[in-house]
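Engineer: A single structure is presented below for examination.
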Amino acid sequence: MKKVFVMLLFLPMILMGCGNRDNVRENMSEITDIYFVGECNGDYASISVGQREEPYIKDGYSQKKCDFALVCLNISTQYENMRMSAVVKINEEKHNILLEMVGGSYMFDLERTLKSEDKISLIYGESTIDFVNKSGEFAIDQEKALEIGKQELKKQLDNYTKRSFEAECYLRVLGKETPEFNELFWCFTVVGRDEKVYNCIFSVSDGTIIAIS
């Protein structure tokens, strides 16, 4: 009888704990923690740092996570090669990398984490880009961005929570800094197992919603 009483005593606490589960947090397949940017002679580059699933497949299932630091280089001249040799200097440590053309940008994943205070440079050809931590200037940080995304796509998220959570989520930084386009945006994405994709894009400066699709 005593055991039954103890179980009944703790049952509300157990149910409360289940109700407080954060399905979005538990199913983040990509989340950006730090965002570096830099430019040189009309070329612009960024480094997105965070965690992503491995393998990286947008199928509505969130797999085990690994660190990533995605280098993205946009050059102002005409592209000549699908690959470009470069060197990434992190503090005093140099890494030889091979950038590959993906969707109009040269990219390479360092497959590691970086610190917000790291001094980072990208050396390619005769050019050098020094990076600054742009995310340190965001008025809407990662935590606020997640809350905005969850609120704006609440209906879609609720539809995937009828039994178990049947979706995965992404939080990325969009945009590149150029003289013509100098604003960055958060993009919160929900990918369902039913192959439907929902996006919410909003300003890193004040959270203004730019688009929901």
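A note on labels: chains of the structure tokens are A, B, ... as shown, every chain counts residues from 1, and ligands are counted from 1 in their shown order.
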Need to verify the contact set: Trp186 of chain A, 8 Å, only C-alpha atoms, exclusion of same-chain residues closer than 6 positions in sequence. Can you return it as an NGL selection string?
Structural biologist: :A and (145 or 171-174 or 201-204)
Engineer: Generate a file of the selected residues that holds N, CA, C and O atoms, formatted as a compact mmCIF listing (two decimals), in the first residue's frame.
Structural biologist:
# COMPACT_ATOMS: atom_id res chain seq x y z
N ALA A 145 15.86 33.62 -31.12
CA ALA A 145 15.51 33.19 -32.48
C ALA A 145 14.69 31.90 -32.44
O ALA A 145 13.70 31.76 -33.16
N LEU A 171 17.97 25.83 -37.48
CA LEU A 171 18.11 27.26 -37.24
C LEU A 171 19.43 27.71 -37.86
O LEU A 171 20.50 27.35 -37.39
N ARG A 172 19.33 28.51 -38.93
CA ARG A 172 20.51 28.94 -39.67
C ARG A 172 20.50 30.46 -39.83
O ARG A 172 19.48 31.11 -39.65
N VAL A 173 21.66 31.00 -40.21
CA VAL A 173 21.77 32.42 -40.55
C VAL A 173 21.83 32.52 -42.07
O VAL A 173 22.59 31.81 -42.72
N LEU A 174 21.00 33.40 -42.64
CA LEU A 174 20.96 33.60 -44.09
C LEU A 174 21.51 34.97 -44.46
O LEU A 174 21.46 35.90 -43.66
N ILE A 201 11.54 33.33 -41.75
CA ILE A 201 12.75 34.14 -41.88
C ILE A 201 12.51 35.48 -41.19
O ILE A 201 11.49 36.13 -41.43
N PHE A 202 13.45 35.90 -40.34
CA PHE A 202 13.26 37.14 -39.61
C PHE A 202 14.61 37.81 -39.33
O PHE A 202 15.67 37.18 -39.36
N SER A 203 14.55 39.09 -39.06
CA SER A 203 15.74 39.91 -38.90
C SER A 203 16.52 39.55 -37.63
O SER A 203 15.92 39.29 -36.58
N VAL A 204 17.85 39.57 -37.73
CA VAL A 204 18.69 39.36 -36.54
C VAL A 204 18.75 40.64 -35.70
O VAL A 204 19.21 40.62 -34.56
Engineer: Would you write out, as CSV, a table of all residues in segment 81-167 of chain A that have an atom no more than 6 Å from an atom of segment 17-40 of chain A, listing for each the closest atom pair and the distance in Å to one decimal, considering only C-alpha atoms and ordering rows by chain and rising residue number?
Structural biologist:
residue,atom,partner,partner_atom,distance
A:Ile129,CA,A:Glu39,CA,5.6
A:Asp130,CA,A:Gly38,CA,5.6
A:Phe131,CA,A:Gly38,CA,4.5
A:Val132,CA,A:Phe36,CA,5.3
A:Asn133,CA,A:Phe36,CA,4.4
A:Lys134,CA,A:Phe36,CA,5.4
A:Ser135,CA,A:Tyr35,CA,5.1
Engineer: Could you pull out all residues of segment 8-192 of chain A with a DSSP call of strand (DSSP E or B) and give them as a ChimeraX atom specification?
Structural biologist: /A:28-40,43-53,65-74,83-90,93-102,105-109,120-124,127-130,132-133,167-174,185-192
Engineer: Could you check the closest approach to Asp43 of chain A for each of A:Ser76, A:Ser105, A:Asn81, A:Ser116 and tell me which residue wins, using only C-alpha atoms?
Structural biologist: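 Smallest separation from Asp43 of chain A among the options: A:Ser76.
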Engineer: Taking 5 positions as the minimum chain separation for residues in the same chain, which residues sit within 10 Å of segment 148-162 of chain A when counting only C-alpha atoms? Answer as a VMD selection string.
Structural biologist: chain A and resid 23 to 24 140 142 to 143 167 to 171 186 to 194 196 to 202 207 to 209 212 to 213
Engineer: Between A:Ser164, A:Thr113, A:Asn96, A:Ser85, single out the one closest to Leu73 of chain A, counting only C-alpha atoms.
Structural biologist: A:Ser85
Engineer: Excluding Arg112 of chain A and residues on its chain fewer than 2 positions from it, collect all residues at most 10 Å away from it, counting only C-alpha atoms, and give them as a list of chain:residue names.
Structural biologist: A:Val49, A:Gly50, A:Gln51, A:Cys66, A:Asp67, A:Phe68, A:Ala69, A:Leu70, A:Asp109, A:Leu110, A:Leu114
